[in-house]
Amino acid sequence: MSSWMKMLKDLTVRPKGERRIRKSPSFSFDEDMNKPISGQTVKEILSKSSDIVFREFNFPGKSRIPCMLVVVDGLVDKNILDQFVLKPLMVDLNHHPDLERVTLANVIDITIQSFLPGIEIKKIVKMEEAVSTILSGDAVIFFGESSEAISIGARGWANRGVNEPIAESIVKGPHEGFTETLRINTSLLRRKIKHPSLRIISLKLGDISNTELVVVYIEKIANKDIVSEVLLRLSKIKMDSVIDVGYIEEMIEDFPYSPFPQIAYTERPDVLAGKLLEGKVGIILDGTPIVLVVPAILMEFLNVNEDYYQRAMTAILSRFVRYVGSFVAVVAPSTYIAVTTFHQEIIPTDLLMSISAGRQGVPFPALLEALTMTIVLEILQEAGLRLPKPIGQTIGIVGALIIGDAAVNAGLVSPLMVIIIGLTAVASYAIPYYDLSLAVRLLRFPLMILAGILGFFGVAVGLYAILIHLLGLRSFGVPYTSPIAPLRVRALLQDTFVRAPWWALKRRPQLIDVQEPRSKGKG
């Protein structure tokens, strides 16, 4: 019994300290990683992989030091290696004036200072660092029995170009998005914020994957406590691999069992730059175009970056539509169930007669009818996402039309039910963040069940429970419902339900203790 309880605890309770998941196995070469650098040892560790290339040659001159260049085929730019590494060391070096004073003791220092014309060149003294550098796509040169080596930046693998993000498409504003390459992403961010206060801190996660990650923030704007907390939570993650930011999100969020997203994300450099200028912290992971942004509040999941590129009145209208759509997506099915089951007296007589005529012959109660149609909608949405794009769009549209029409003609559901489910689906598409849309889809089911049992009282109980849960959420110490609760009048009037004109946005959002003015405004 105790073993079952322990297993249940491991599956449900997240540890507060070090969060080790899927401990890495031990390897035969683990001991070699702690030894002094040796080209022969590196060859023994990596020689079983066919994509590792070992290029051996002798250093010119009297010393004739044996050298070995180690790279991963497909991760390096061969033109860089040929023109700026092998050619200078094997051909151009024969007549170099410093060649005569080269010995095994000083060959690395002289090579870095005089022989290699590169920018990313550094000395390596640890075996683990040498192996990690090679597997990350850089070139490493070993010189005879020297206990040091040279790392040369020569990465050059194929990567996806800078395109517009599919999930965050806009009409007005920049149309570039992040890619799967870390340094391309940091360069896109640097183009937006050309200031020395932009800090980029490099880390590595994953005992086996060794995935590169950077934490970005603006010094003197970002709260130091939040930056420290982000770095602390990341340091506690101990996994064998980190493939996507979803791994990190679940490990560092405050409330892992909440359906609501507590960490924002974006694929757009302009959005990330705007968040950093508000005092937030970004987490960029190599291998994915999605960037995490912390802390996050509920209201920013309903706002989009295009709100800041349009005129204020237009942005207010767009936000109003999204807020109304989000509310309709949550309560529309449960409201229909409550009204048709318990509260027919609030419906006008003509409308009630029309609804009754539509429900004649329907063999199921409103609750079962709504649950069935909602599940069918979820199946169609999931099928549309997983199928190839042209087929998925066809399945979503044709499937909904055919199934809805057939169900009405067969007398299984009422026409109004089909309208309600269609309205719910369209309203949910107005939610800009997919993670929040998933939370709304999940909460829809308990609200429908409560409406089918208790009517409007059940809907009210469900909404109160959701409100209490939201009031208790925190994202890195910041209240999730801010600036509504706790009330921050300036932030509420400037950039929540409404968006004030740019000349009126004189201060940054008062959510994370940032006091620096955003702009001086007019006058």
# chains A, B, ... in the order shown; residues from 1 in each chain; ligands from 1

call {"tool": "select_by_dssp", "arguments": {"residues": "stretch 339-500 of chain A", "states": "helix (DSSP H, G or I)", "output": "PyMOL selection string"}}
result
chain A and resi 339-341+344-346+349-359+366-386+389-409+415-428+434-454+456-472+489-495

call {"tool": "select_by_dssp", "arguments": {"residues": "stretch 19-151 of chain A", "states": "strand (DSSP E)", "output": "mmCIF file with N, CA, C and O atoms, in the first residue's frame"}}
result
data_model
loop_
_atom_site.group_PDB
_atom_site.id
_atom_site.type_symbol
_atom_site.label_atom_id
_atom_site.label_comp_id
_atom_site.auth_asym_id
_atom_site.auth_seq_id
_atom_site.Cartn_x
_atom_site.Cartn_y
_atom_site.Cartn_z
ATOM 1 N N ARG A 19 14.279 19.536 -9.214
ATOM 2 C CA ARG A 19 13.239 18.824 -9.949
ATOM 3 C C ARG A 19 13.896 17.929 -10.985
ATOM 4 O O ARG A 19 14.108 18.317 -12.123
ATOM 5 N N ARG A 20 14.249 16.732 -10.556
ATOM 6 C CA ARG A 20 14.956 15.797 -11.434
ATOM 7 C C ARG A 20 13.953 14.866 -12.081
ATOM 8 O O ARG A 20 13.204 14.169 -11.395
ATOM 9 N N ILE A 21 13.934 14.854 -13.391
ATOM 10 C CA ILE A 21 13.026 14.024 -14.170
ATOM 11 C C ILE A 21 13.852 13.130 -15.089
ATOM 12 O O ILE A 21 14.766 13.601 -15.766
ATOM 13 N N ILE A 52 30.853 12.153 -37.069
ATOM 14 C CA ILE A 52 31.978 12.885 -36.499
ATOM 15 C C ILE A 52 33.180 12.762 -37.434
ATOM 16 O O ILE A 52 33.567 11.662 -37.836
ATOM 17 N N VAL A 53 33.765 13.907 -37.793
ATOM 18 C CA VAL A 53 34.892 13.942 -38.730
ATOM 19 C C VAL A 53 36.165 14.306 -37.954
ATOM 20 O O VAL A 53 36.186 15.293 -37.211
ATOM 21 N N PHE A 54 37.218 13.487 -38.126
ATOM 22 C CA PHE A 54 38.525 13.737 -37.509
ATOM 23 C C PHE A 54 39.523 14.049 -38.625
ATOM 24 O O PHE A 54 39.860 13.160 -39.422
ATOM 25 N N ARG A 55 40.004 15.278 -38.695
ATOM 26 C CA ARG A 55 40.963 15.678 -39.736
ATOM 27 C C ARG A 55 42.320 15.885 -39.071
ATOM 28 O O ARG A 55 42.533 16.847 -38.326
ATOM 29 N N GLU A 56 43.235 14.971 -39.345
ATOM 30 C CA GLU A 56 44.565 15.034 -38.739
ATOM 31 C C GLU A 56 45.560 15.655 -39.711
ATOM 32 O O GLU A 56 45.512 15.408 -40.916
ATOM 33 N N PHE A 57 46.455 16.488 -39.170
ATOM 34 C CA PHE A 57 47.505 17.116 -39.976
ATOM 35 C C PHE A 57 48.644 17.509 -39.036
ATOM 36 O O PHE A 57 48.492 17.481 -37.802
ATOM 37 N N ASN A 58 49.762 17.888 -39.633
ATOM 38 C CA ASN A 58 50.933 18.305 -38.848
ATOM 39 C C ASN A 58 51.107 19.814 -38.936
ATOM 40 O O ASN A 58 50.947 20.414 -39.998
ATOM 41 N N PRO A 66 51.715 17.279 -34.152
ATOM 42 C CA PRO A 66 50.532 16.617 -34.730
ATOM 43 C C PRO A 66 49.256 17.291 -34.231
ATOM 44 O O PRO A 66 49.087 17.518 -33.030
ATOM 45 N N CYS A 67 48.345 17.602 -35.151
ATOM 46 C CA CYS A 67 47.089 18.294 -34.811
ATOM 47 C C CYS A 67 45.900 17.469 -35.293
ATOM 48 O O CYS A 67 46.024 16.658 -36.222
ATOM 49 N N MET A 68 44.778 17.686 -34.673
ATOM 50 C CA MET A 68 43.554 16.999 -35.079
ATOM 51 C C MET A 68 42.375 17.959 -34.962
ATOM 52 O O MET A 68 42.112 18.512 -33.892
ATOM 53 N N LEU A 69 41.681 18.151 -36.080
ATOM 54 C CA LEU A 69 40.469 18.978 -36.128
ATOM 55 C C LEU A 69 39.266 18.049 -36.035
ATOM 56 O O LEU A 69 39.144 17.094 -36.803
ATOM 57 N N VAL A 70 38.362 18.327 -35.099
ATOM 58 C CA VAL A 70 37.188 17.482 -34.880
ATOM 59 C C VAL A 70 35.936 18.330 -35.076
ATOM 60 O O VAL A 70 35.789 19.391 -34.456
ATOM 61 N N VAL A 71 35.040 17.857 -35.955
ATOM 62 C CA VAL A 71 33.779 18.554 -36.229
ATOM 63 C C VAL A 71 32.674 17.531 -36.420
ATOM 64 O O VAL A 71 32.930 16.338 -36.596
ATOM 65 N N VAL A 72 31.446 18.012 -36.398
ATOM 66 C CA VAL A 72 30.278 17.185 -36.707
ATOM 67 C C VAL A 72 29.809 17.533 -38.111
ATOM 68 O O VAL A 72 29.463 18.684 -38.389
ATOM 69 N N ILE A 121 36.981 32.578 -31.437
ATOM 70 C CA ILE A 121 38.093 31.669 -31.159
ATOM 71 C C ILE A 121 38.431 31.779 -29.683
ATOM 72 O O ILE A 121 38.630 32.889 -29.171
ATOM 73 N N LYS A 122 38.465 30.654 -29.012
ATOM 74 C CA LYS A 122 38.793 30.686 -27.584
ATOM 75 C C LYS A 122 39.525 29.408 -27.189
ATOM 76 O O LYS A 122 39.496 28.391 -27.894
ATOM 77 N N LYS A 123 40.151 29.491 -26.020
ATOM 78 C CA LYS A 123 40.916 28.372 -25.483
ATOM 79 C C LYS A 123 40.005 27.501 -24.616
ATOM 80 O O LYS A 123 39.157 27.998 -23.881
ATOM 81 N N ILE A 124 40.180 26.177 -24.725
ATOM 82 C CA ILE A 124 39.402 25.219 -23.941
ATOM 83 C C ILE A 124 40.372 24.419 -23.065
ATOM 84 O O ILE A 124 41.414 23.966 -23.548
ATOM 85 N N ALA A 139 34.021 23.866 -34.180
ATOM 86 C CA ALA A 139 35.200 23.045 -34.476
ATOM 87 C C ALA A 139 36.196 23.161 -33.323
ATOM 88 O O ALA A 139 36.337 24.227 -32.718
ATOM 89 N N VAL A 140 36.880 22.074 -33.024
ATOM 90 C CA VAL A 140 37.888 22.058 -31.968
ATOM 91 C C VAL A 140 39.170 21.460 -32.538
ATOM 92 O O VAL A 140 39.140 20.418 -33.211
ATOM 93 N N ILE A 141 40.304 22.131 -32.291
ATOM 94 C CA ILE A 141 41.615 21.652 -32.738
ATOM 95 C C ILE A 141 42.427 21.238 -31.518
ATOM 96 O O ILE A 141 42.570 22.007 -30.560
ATOM 97 N N PHE A 142 42.951 20.004 -31.567
ATOM 98 C CA PHE A 142 43.816 19.484 -30.511
ATOM 99 C C PHE A 142 45.254 19.477 -31.028
ATOM 100 O O PHE A 142 45.510 19.103 -32.182
ATOM 101 N N PHE A 143 46.194 19.870 -30.176
ATOM 102 C CA PHE A 143 47.597 19.984 -30.563
ATOM 103 C C PHE A 143 48.427 18.978 -29.761
ATOM 104 O O PHE A 143 48.716 19.200 -28.575
ATOM 105 N N ALA A 149 43.076 23.119 -25.839
ATOM 106 C CA ALA A 149 42.622 23.026 -27.229
ATOM 107 C C ALA A 149 42.028 24.367 -27.635
ATOM 108 O O ALA A 149 41.845 25.267 -26.813
ATOM 109 N N ILE A 150 41.721 24.483 -28.929
ATOM 110 C CA ILE A 150 41.148 25.721 -29.468
ATOM 111 C C ILE A 150 39.764 25.418 -30.019
ATOM 112 O O ILE A 150 39.572 24.466 -30.781
ATOM 113 N N SER A 151 38.808 26.256 -29.635
ATOM 114 C CA SER A 151 37.449 26.181 -30.165
ATOM 115 C C SER A 151 37.254 27.292 -31.192
ATOM 116 O O SER A 151 37.625 28.441 -30.952
#

call {"tool": "residues_around", "arguments": {"residues": "A:Tyr433", "least_positions_apart": "3", "cutoff": "8 Å", "atoms": "only C-alpha atoms", "output": "PyMOL selection string"}}
result
chain A and resi 301-302+436-437

call {"tool": "residues_around", "arguments": {"residues": "A:Leu188", "least_positions_apart": "4", "cutoff": "12 Å", "atoms": "only C-alpha atoms", "output": "list in words"}}
result
Val162, Asn163, Pro174, Glu176, Gly177, Phe178, Thr179, Thr181, Leu182, Arg183, Ile184, Lys192, Ile193, Lys194, Glu267, Arg268, Pro269, Asp270, Val271, Leu272, Ala273, Ile284 and Pro289 of chain A

call {"tool": "write_last_selection", "arguments": {"atoms": "N, CA and C atoms", "output": "JSON list (two decimals), in the first residue's frame"}}
result
[["chain", "number", "residue", "atom", "x", "y", "z"],
["A", 162, "VAL", "N", 13.46, 33.52, -41.67],
["A", 162, "VAL", "CA", 12.60, 34.36, -40.84],
["A", 162, "VAL", "C", 11.29, 34.59, -41.58],
["A", 163, "ASN", "N", 10.21, 33.99, -41.07],
["A", 163, "ASN", "CA", 8.90, 34.12, -41.68],
["A", 163, "ASN", "C", 7.90, 34.67, -40.67],
["A", 174, "PRO", "N", 4.99, 44.62, -37.82],
["A", 174, "PRO", "CA", 6.08, 43.77, -38.35],
["A", 174, "PRO", "C", 5.57, 42.37, -38.66],
["A", 176, "GLU", "N", 7.82, 39.65, -39.14],
["A", 176, "GLU", "CA", 8.90, 38.70, -38.94],
["A", 176, "GLU", "C", 8.68, 37.95, -37.64],
["A", 177, "GLY", "N", 9.16, 36.71, -37.61],
["A", 177, "GLY", "CA", 8.98, 35.87, -36.43],
["A", 177, "GLY", "C", 10.26, 35.13, -36.09],
["A", 178, "PHE", "N", 10.29, 34.59, -34.89],
["A", 178, "PHE", "CA", 11.45, 33.82, -34.44],
["A", 178, "PHE", "C", 11.56, 32.52, -35.24],
["A", 179, "THR", "N", 12.75, 31.93, -35.22],
["A", 179, "THR", "CA", 13.01, 30.66, -35.87],
["A", 179, "THR", "C", 13.48, 29.66, -34.83],
["A", 181, "THR", "N", 16.55, 28.66, -34.53],
["A", 181, "THR", "CA", 17.97, 28.87, -34.25],
["A", 181, "THR", "C", 18.13, 29.98, -33.21],
["A", 182, "LEU", "N", 18.82, 29.66, -32.12],
["A", 182, "LEU", "CA", 18.91, 30.56, -30.98],
["A", 182, "LEU", "C", 19.54, 31.90, -31.35],
["A", 183, "ARG", "N", 20.68, 31.89, -32.05],
["A", 183, "ARG", "CA", 21.39, 33.14, -32.32],
["A", 183, "ARG", "C", 20.65, 34.02, -33.32],
["A", 184, "ILE", "N", 19.88, 33.42, -34.21],
["A", 184, "ILE", "CA", 19.03, 34.23, -35.08],
["A", 184, "ILE", "C", 17.98, 34.96, -34.24],
["A", 192, "LYS", "N", 15.62, 45.06, -32.32],
["A", 192, "LYS", "CA", 14.52, 45.84, -31.74],
["A", 192, "LYS", "C", 14.99, 46.70, -30.58],
["A", 193, "ILE", "N", 15.94, 46.19, -29.79],
["A", 193, "ILE", "CA", 16.41, 46.91, -28.60],
["A", 193, "ILE", "C", 17.92, 47.10, -28.73],
["A", 194, "LYS", "N", 18.34, 48.21, -29.24],
["A", 194, "LYS", "CA", 19.77, 48.49, -29.45],
["A", 194, "LYS", "C", 20.30, 49.30, -28.26],
["A", 267, "GLU", "N", 5.92, 34.29, -30.60],
["A", 267, "GLU", "CA", 6.85, 33.97, -31.69],
["A", 267, "GLU", "C", 7.33, 35.23, -32.40],
["A", 268, "ARG", "N", 7.02, 36.40, -31.85],
["A", 268, "ARG", "CA", 7.30, 37.65, -32.54],
["A", 268, "ARG", "C", 8.36, 38.45, -31.77],
["A", 269, "PRO", "N", 9.41, 38.92, -32.44],
["A", 269, "PRO", "CA", 10.42, 39.75, -31.77],
["A", 269, "PRO", "C", 9.85, 41.06, -31.24],
["A", 270, "ASP", "N", 8.90, 41.68, -31.96],
["A", 270, "ASP", "CA", 8.35, 42.95, -31.50],
["A", 270, "ASP", "C", 7.54, 42.77, -30.21],
["A", 271, "VAL", "N", 6.85, 41.63, -30.09],
["A", 271, "VAL", "CA", 6.10, 41.38, -28.86],
["A", 271, "VAL", "C", 7.05, 41.18, -27.69],
["A", 272, "LEU", "N", 8.10, 40.38, -27.90],
["A", 272, "LEU", "CA", 9.07, 40.16, -26.84],
["A", 272, "LEU", "C", 9.74, 41.46, -26.42],
["A", 273, "ALA", "N", 10.11, 42.30, -27.39],
["A", 273, "ALA", "CA", 10.74, 43.58, -27.08],
["A", 273, "ALA", "C", 9.80, 44.45, -26.25],
["A", 284, "ILE", "N", 14.42, 32.18, -24.02],
["A", 284, "ILE", "CA", 14.55, 31.73, -25.41],
["A", 284, "ILE", "C", 15.30, 30.40, -25.41],
["A", 289, "PRO", "N", 10.75, 28.14, -32.00],
["A", 289, "PRO", "CA", 10.52, 29.57, -32.23],
["A", 289, "PRO", "C", 9.69, 30.24, -31.15]]

call {"tool": "atom_distance", "arguments": {"atom1": "atom CA of A:Val242", "atom2": "atom CA of A:Gly287"}}
result
9.7 Å

call {"tool": "atom_distance", "arguments": {"atom1": "atom CA of A:Ile337", "atom2": "atom CA of A:Ile419"}}
result
13.3 Å

call {"tool": "closest_residue", "arguments": {"among": "A:Thr341, A:Ser47, A:Ser136, A:Ser187", "to": "A:Ile453", "atoms": "only C-alpha atoms"}}
result
A:Thr341

call {"tool": "residues_around", "arguments": {"residues": "A:Met373", "least_positions_apart": "5", "cutoff": "10 Å", "atoms": "only C-alpha atoms", "output": "number ranges by chain"}}
result
A: 333, 368, 378-379, 403-404, 407, 413, 417-418, 420-422

call {"tool": "write_last_selection", "arguments": {"atoms": "N, CA and C atoms", "output": "tab-separated table (two decimals), in the first residue's frame"}}
result
chain	number	residue	atom	x	y	z
A	333	PRO	N	-23.10	27.59	-23.92
A	333	PRO	CA	-23.78	26.29	-23.80
A	333	PRO	C	-24.47	26.10	-22.45
A	368	LEU	N	-27.52	16.47	-22.15
A	368	LEU	CA	-26.89	15.45	-22.98
A	368	LEU	C	-26.73	15.92	-24.42
A	378	GLU	N	-15.28	19.34	-30.45
A	378	GLU	CA	-13.89	19.14	-30.05
A	378	GLU	C	-13.19	18.14	-30.96
A	379	ILE	N	-13.90	17.09	-31.34
A	379	ILE	CA	-13.31	16.09	-32.24
A	379	ILE	C	-13.00	16.71	-33.60
A	403	ILE	N	-22.51	17.00	-40.41
A	403	ILE	CA	-22.95	16.39	-39.16
A	403	ILE	C	-24.09	17.20	-38.54
A	404	GLY	N	-23.94	18.54	-38.53
A	404	GLY	CA	-24.99	19.37	-37.95
A	404	GLY	C	-26.31	19.22	-38.68
A	407	ALA	N	-27.79	15.71	-38.09
A	407	ALA	CA	-28.31	15.55	-36.73
A	407	ALA	C	-29.66	16.24	-36.57
A	413	VAL	N	-30.83	16.47	-32.49
A	413	VAL	CA	-30.57	17.73	-31.80
A	413	VAL	C	-31.50	18.79	-32.40
A	417	MET	N	-29.69	24.35	-30.86
A	417	MET	CA	-28.49	23.77	-30.26
A	417	MET	C	-27.31	23.87	-31.22
A	418	VAL	N	-27.56	23.60	-32.49
A	418	VAL	CA	-26.50	23.72	-33.50
A	418	VAL	C	-26.02	25.16	-33.59
A	420	ILE	N	-26.12	27.43	-31.15
A	420	ILE	CA	-25.37	27.73	-29.93
A	420	ILE	C	-23.96	27.17	-30.00
A	421	ILE	N	-23.82	25.95	-30.46
A	421	ILE	CA	-22.49	25.33	-30.55
A	421	ILE	C	-21.65	26.05	-31.59
A	422	GLY	N	-22.27	26.42	-32.73
A	422	GLY	CA	-21.52	27.18	-33.74
A	422	GLY	C	-21.08	28.53	-33.22

call {"tool": "closest_residue", "arguments": {"among": "A:Leu298, A:Trp502, A:Val131, A:Gly455", "to": "A:Leu471", "atoms": "only C-alpha atoms"}}
result
A:Leu298

call {"tool": "closest_residue", "arguments": {"among": "A:Val293, A:Val214, A:Val440, A:Val459", "to": "A:Phe476", "atoms": "only C-alpha atoms"}}
result
A:Val293

call {"tool": "closest_residue", "arguments": {"among": "A:Ile297, A:Gly246, A:Ile226, A:Gln262", "to": "A:Val281", "atoms": "only C-alpha atoms"}}
result
A:Ile226

call {"tool": "decode", "arguments": {"residues": "stretch 336-365 of chain A", "atoms": "N, CA and C atoms", "output": "PDB file, in the first residue's frame"}}
result
ATOM      1  N   TYR A 336     -27.712  28.105 -22.276  1.00  0.00           N
ATOM      2  CA  TYR A 336     -28.772  27.442 -23.055  1.00  0.00           C
ATOM      3  C   TYR A 336     -29.376  26.295 -22.251  1.00  0.00           C
ATOM      4  N   ILE A 337     -28.523  25.495 -21.619  1.00  0.00           N
ATOM      5  CA  ILE A 337     -29.015  24.358 -20.826  1.00  0.00           C
ATOM      6  C   ILE A 337     -29.863  24.844 -19.657  1.00  0.00           C
ATOM      7  N   ALA A 338     -29.379  25.856 -18.935  1.00  0.00           N
ATOM      8  CA  ALA A 338     -30.122  26.364 -17.774  1.00  0.00           C
ATOM      9  C   ALA A 338     -31.470  26.945 -18.182  1.00  0.00           C
ATOM     10  N   VAL A 339     -31.505  27.705 -19.262  1.00  0.00           N
ATOM     11  CA  VAL A 339     -32.748  28.347 -19.691  1.00  0.00           C
ATOM     12  C   VAL A 339     -33.766  27.318 -20.160  1.00  0.00           C
ATOM     13  N   THR A 340     -33.361  26.387 -21.004  1.00  0.00           N
ATOM     14  CA  THR A 340     -34.306  25.421 -21.570  1.00  0.00           C
ATOM     15  C   THR A 340     -34.725  24.358 -20.567  1.00  0.00           C
ATOM     16  N   THR A 341     -33.948  24.150 -19.504  1.00  0.00           N
ATOM     17  CA  THR A 341     -34.270  23.096 -18.543  1.00  0.00           C
ATOM     18  C   THR A 341     -35.002  23.626 -17.320  1.00  0.00           C
ATOM     19  N   PHE A 342     -34.582  24.781 -16.790  1.00  0.00           N
ATOM     20  CA  PHE A 342     -35.117  25.266 -15.525  1.00  0.00           C
ATOM     21  C   PHE A 342     -35.806  26.633 -15.604  1.00  0.00           C
ATOM     22  N   HIS A 343     -35.453  27.464 -16.530  1.00  0.00           N
ATOM     23  CA  HIS A 343     -35.881  28.865 -16.469  1.00  0.00           C
ATOM     24  C   HIS A 343     -36.588  29.298 -17.752  1.00  0.00           C
ATOM     25  N   GLN A 344     -37.559  28.495 -18.183  1.00  0.00           N
ATOM     26  CA  GLN A 344     -38.289  28.851 -19.398  1.00  0.00           C
ATOM     27  C   GLN A 344     -39.089  30.135 -19.236  1.00  0.00           C
ATOM     28  N   GLU A 345     -39.394  30.520 -17.964  1.00  0.00           N
ATOM     29  CA  GLU A 345     -40.244  31.690 -17.740  1.00  0.00           C
ATOM     30  C   GLU A 345     -39.569  32.998 -18.147  1.00  0.00           C
ATOM     31  N   ILE A 346     -38.240  32.991 -18.286  1.00  0.00           N
ATOM     32  CA  ILE A 346     -37.562  34.244 -18.650  1.00  0.00           C
ATOM     33  C   ILE A 346     -37.496  34.418 -20.165  1.00  0.00           C
ATOM     34  N   ILE A 347     -37.951  33.421 -20.913  1.00  0.00           N
ATOM     35  CA  ILE A 347     -37.916  33.499 -22.374  1.00  0.00           C
ATOM     36  C   ILE A 347     -39.216  34.122 -22.873  1.00  0.00           C
ATOM     37  N   PRO A 348     -39.174  35.096 -23.776  1.00  0.00           N
ATOM     38  CA  PRO A 348     -40.415  35.630 -24.373  1.00  0.00           C
ATOM     39  C   PRO A 348     -41.243  34.515 -24.993  1.00  0.00           C
ATOM     40  N   THR A 349     -42.563  34.685 -24.958  1.00  0.00           N
ATOM     41  CA  THR A 349     -43.470  33.604 -25.367  1.00  0.00           C
ATOM     42  C   THR A 349     -43.222  33.153 -26.805  1.00  0.00           C
ATOM     43  N   ASP A 350     -43.079  34.107 -27.723  1.00  0.00           N
ATOM     44  CA  ASP A 350     -42.871  33.729 -29.125  1.00  0.00           C
ATOM     45  C   ASP A 350     -41.580  32.938 -29.302  1.00  0.00           C
ATOM     46  N   LEU A 351     -40.522  33.398 -28.623  1.00  0.00           N
ATOM     47  CA  LEU A 351     -39.253  32.681 -28.724  1.00  0.00           C
ATOM     48  C   LEU A 351     -39.349  31.302 -28.078  1.00  0.00           C
ATOM     49  N   LEU A 352     -40.081  31.216 -26.956  1.00  0.00           N
ATOM     50  CA  LEU A 352     -40.249  29.928 -26.291  1.00  0.00           C
ATOM     51  C   LEU A 352     -40.988  28.944 -27.182  1.00  0.00           C
ATOM     52  N   MET A 353     -42.000  29.409 -27.874  1.00  0.00           N
ATOM     53  CA  MET A 353     -42.732  28.531 -28.789  1.00  0.00           C
ATOM     54  C   MET A 353     -41.832  28.052 -29.919  1.00  0.00           C
ATOM     55  N   SER A 354     -40.997  28.948 -30.416  1.00  0.00           N
ATOM     56  CA  SER A 354     -40.077  28.563 -31.491  1.00  0.00           C
ATOM     57  C   SER A 354     -39.073  27.513 -31.000  1.00  0.00           C
ATOM     58  N   ILE A 355     -38.553  27.723 -29.776  1.00  0.00           N
ATOM     59  CA  ILE A 355     -37.595  26.755 -29.229  1.00  0.00           C
ATOM     60  C   ILE A 355     -38.276  25.413 -28.993  1.00  0.00           C
ATOM     61  N   SER A 356     -39.511  25.454 -28.469  1.00  0.00           N
ATOM     62  CA  SER A 356     -40.240  24.208 -28.205  1.00  0.00           C
ATOM     63  C   SER A 356     -40.526  23.451 -29.493  1.00  0.00           C
ATOM     64  N   ALA A 357     -40.874  24.193 -30.552  1.00  0.00           N
ATOM     65  CA  ALA A 357     -41.121  23.535 -31.838  1.00  0.00           C
ATOM     66  C   ALA A 357     -39.859  22.880 -32.369  1.00  0.00           C
ATOM     67  N   GLY A 358     -38.708  23.539 -32.172  1.00  0.00           N
ATOM     68  CA  GLY A 358     -37.451  22.956 -32.635  1.00  0.00           C
ATOM     69  C   GLY A 358     -37.039  21.735 -31.845  1.00  0.00           C
ATOM     70  N   ARG A 359     -37.431  21.670 -30.571  1.00  0.00           N
ATOM     71  CA  ARG A 359     -37.031  20.553 -29.719  1.00  0.00           C
ATOM     72  C   ARG A 359     -38.026  19.399 -29.778  1.00  0.00           C
ATOM     73  N   GLN A 360     -39.124  19.553 -30.471  1.00  0.00           N
ATOM     74  CA  GLN A 360     -40.076  18.456 -30.571  1.00  0.00           C
ATOM     75  C   GLN A 360     -39.451  17.271 -31.295  1.00  0.00           C
ATOM     76  N   GLY A 361     -39.567  16.135 -30.681  1.00  0.00           N
ATOM     77  CA  GLY A 361     -38.999  14.921 -31.263  1.00  0.00           C
ATOM     78  C   GLY A 361     -37.564  14.655 -30.877  1.00  0.00           C
ATOM     79  N   VAL A 362     -36.899  15.598 -30.192  1.00  0.00           N
ATOM     80  CA  VAL A 362     -35.518  15.372 -29.753  1.00  0.00           C
ATOM     81  C   VAL A 362     -35.549  14.445 -28.540  1.00  0.00           C
ATOM     82  N   PRO A 363     -34.933  13.274 -28.600  1.00  0.00           N
ATOM     83  CA  PRO A 363     -35.073  12.281 -27.513  1.00  0.00           C
ATOM     84  C   PRO A 363     -34.182  12.538 -26.314  1.00  0.00           C
ATOM     85  N   PHE A 364     -33.289  13.529 -26.383  1.00  0.00           N
ATOM     86  CA  PHE A 364     -32.312  13.719 -25.307  1.00  0.00           C
ATOM     87  C   PHE A 364     -32.601  15.006 -24.537  1.00  0.00           C
ATOM     88  N   PRO A 365     -32.283  15.021 -23.246  1.00  0.00           N
ATOM     89  CA  PRO A 365     -32.382  16.279 -22.500  1.00  0.00           C
ATOM     90  C   PRO A 365     -31.350  17.282 -22.999  1.00  0.00           C
TER      91      PRO A 365
END
